[in-house]
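Okay, so here's the structure we're looking at.
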Amino acid sequence: MRQTIAVHQPSVDQPQTDATRRRYDRQARLYDLTEAPMERLAFSRWRSLLWSRVAGPRVLEVGVGTGKNLPYYSPQWEAAGIDLSPKMVERARRRAATLGLAVELQVMDAQALAFPDASFDTVVATFVFCSVPDPVQGLREVRRVCRPGGQVLLLEHVLSRHQPARSIMQALNPIMVRVTGANINRETVTNVQRAGLEIVSVTDLFAGIVKLIEARA
Ligand SMILES: C[S@@+](CC[C@H](N)C(=O)[O-])C[C@H]1O[C@@H](n2cnc3c(N)ncnc32)[C@H](O)[C@@H]1O
C-alpha cells in the first residue's frame, strides 16, 4: 500500500523574494559600516534589552544578517540562525568563527523554514519582518517552528499611528524599499496576531516607531 507523506511547503512570492535576496546580497559588504552610527546611538542598547529576555535553550534567529546579534548569544544555548541572503550568511559565519561561537548558520527563507514543528524554545528576529515579502507567512512559520507556549521576541520598526508621520511613512515607503529593502509601513504587531501568535508585551522604544514585541506561540 502506498503511504502519503505530508510535505510542508507554503507558497511564496518567488520574484519578490528573489528581489529581496539580491538587495541584501548587494548591501552585505557595507552593511555594518552604514549601520554603525545607529548601532552606537541606539540599536546596541535595544539588542541588549531583547537578548536579556531570551529564555532558550533552543534558540533560532531569523534574518541573522551579518551576525550583529551573535555577541549576545549564550554559549549554553543550542543556537541556529538563518537568512535569505547568502552574502549576509557568509559574514555571519565569519563573525561566529571570530567569536568562537558554535551556531548553525544557514541560507533559508523565513517564509518556508526547513525546520520541523516545535524545534525551538525561543525565536528571535531584529529588523527583519520589515523586509520579508509576506510577513504574516514568515510569522506563521515562526509560530510553527516554535514549541507551543514558546517565546517569540522581535525588534521592529513599524508604521506610526500618528499623523503626519503615518502619511509621510506611507508616501516614502516605495523609495525606502528600493533603496534599503525595508518597508517602513509595516503593522508588525497586527501581523504577529494575524499569524496566530499571542502578544505578551509591546514595549515602545522610540516614538511609537520602534517596538520590542514579545509573543507566545
Ligand atoms: C535590515 S537586515 C537586519 C539584519 C539583522 N537582523 C540585524 O539586526 O542587523 C534584514 C535581514 O533580513 C533578511 N531577510 C529578508 N527577508 C528574509 C526572508 N524572507 N527570510 C530570511 N531572511 C530574510 C535580509 O537578508 C537581511 O539580512
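Letters for chains follow the order of the C-alpha cells (A, B, ...), residue numbers begin at 1 for each chain, and ligand numbers begin at 1 in the order shown.
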Backbone-only DSSP, helix (DSSP H, G or I) members of region 5-179 of chain A, as an MDAnalysis selection string: chainID A and resid 14:51 70:72 86:99 110:112 135:145 165:179
Shell of 6 Å around ligand 1 (only C-alpha atoms and all ligand atoms), written as number ranges by chain: A: 21, 24, 63-65, 68, 83-85, 88, 108-111, 125-128, 131-132
Near Gln193 (chain A), counting only C-alpha atoms, which residues have an atom at most 12 Å away, once you skip same-chain residues fewer than 2 positions from it, shown as an mmCIF file with C-alpha atoms, in the first residue's frame?
data_model
loop_
_atom_site.group_PDB
_atom_site.id
_atom_site.type_symbol
_atom_site.label_atom_id
_atom_site.label_comp_id
_atom_site.auth_asym_id
_atom_site.auth_seq_id
_atom_site.Cartn_x
_atom_site.Cartn_y
_atom_site.Cartn_z
ATOM 1 C CA PRO A 135 5.481 38.957 6.815
ATOM 2 C CA VAL A 136 2.381 37.085 8.021
ATOM 3 C CA GLN A 137 3.553 33.928 6.245
ATOM 4 C CA LEU A 139 5.468 34.835 11.265
ATOM 5 C CA ARG A 140 3.260 31.745 10.756
ATOM 6 C CA ARG A 143 4.937 30.071 15.192
ATOM 7 C CA VAL A 152 8.984 34.920 20.176
ATOM 8 C CA GLU A 187 1.978 46.939 11.047
ATOM 9 C CA THR A 188 4.008 44.208 12.671
ATOM 10 C CA VAL A 189 2.080 43.965 15.951
ATOM 11 C CA THR A 190 -1.091 43.237 13.961
ATOM 12 C CA ASN A 191 0.832 40.852 11.693
ATOM 13 C CA ALA A 195 -0.084 34.813 12.303
ATOM 14 C CA GLY A 196 -1.782 33.284 15.359
ATOM 15 C CA LEU A 197 0.824 34.324 17.920
ATOM 16 C CA GLU A 198 -0.340 35.653 21.279
ATOM 17 C CA ILE A 199 1.051 39.068 22.237
ATOM 18 C CA VAL A 200 2.693 39.067 25.697
ATOM 19 C CA ILE A 213 7.422 42.729 20.734
ATOM 20 C CA GLU A 214 7.202 39.631 22.905
ATOM 21 C CA ALA A 215 4.727 36.941 21.858
ATOM 22 C CA ARG A 216 3.837 33.345 22.701
ATOM 23 C CA ALA A 217 3.484 30.546 20.148
#
Nearest to Pro10 (chain A), chosen from A:Ile184, A:Gly138, A:Arg29, A:Gln106, with only C-alpha atoms counted in the distances: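 Between A:Ile184, A:Gly138, A:Arg29, A:Gln106, the residue approaching Pro10 (chain A) most closely is A:Gly138.
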Nearby residues (only C-alpha atoms) at most 12 Å from Ser52 (chain A), same-chain spacing under 2 positions excluded, as a ChimeraX atom specification: /A:45-50,54-56,69,72-74,124,153
Computed interatomic separation between CA of Arg194 (chain A) and CA of Asp134 (chain A) (Å):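 CA of Asp134 (chain A) lies at a distance of 12.0 Å from CA of Arg194 (chain A).
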Could you list, with a cut-off of 9 Å and counting only C-alpha atoms, the residues of region 4-30 of chain A near region 112-122 of chain A, each shown with its nearest atom pair and the distance in Å rounded to one decimal, rows sorted by chain and ascending number, as CSV?
residue,atom,partner,partner_atom,distance
A:His8,CA,A:Ala112,CA,8.4
A:Gln9,CA,A:Ala112,CA,6.7
A:Pro10,CA,A:Ala112,CA,6.0
A:Ser11,CA,A:Ala112,CA,8.0
A:Val12,CA,A:Ala112,CA,7.7
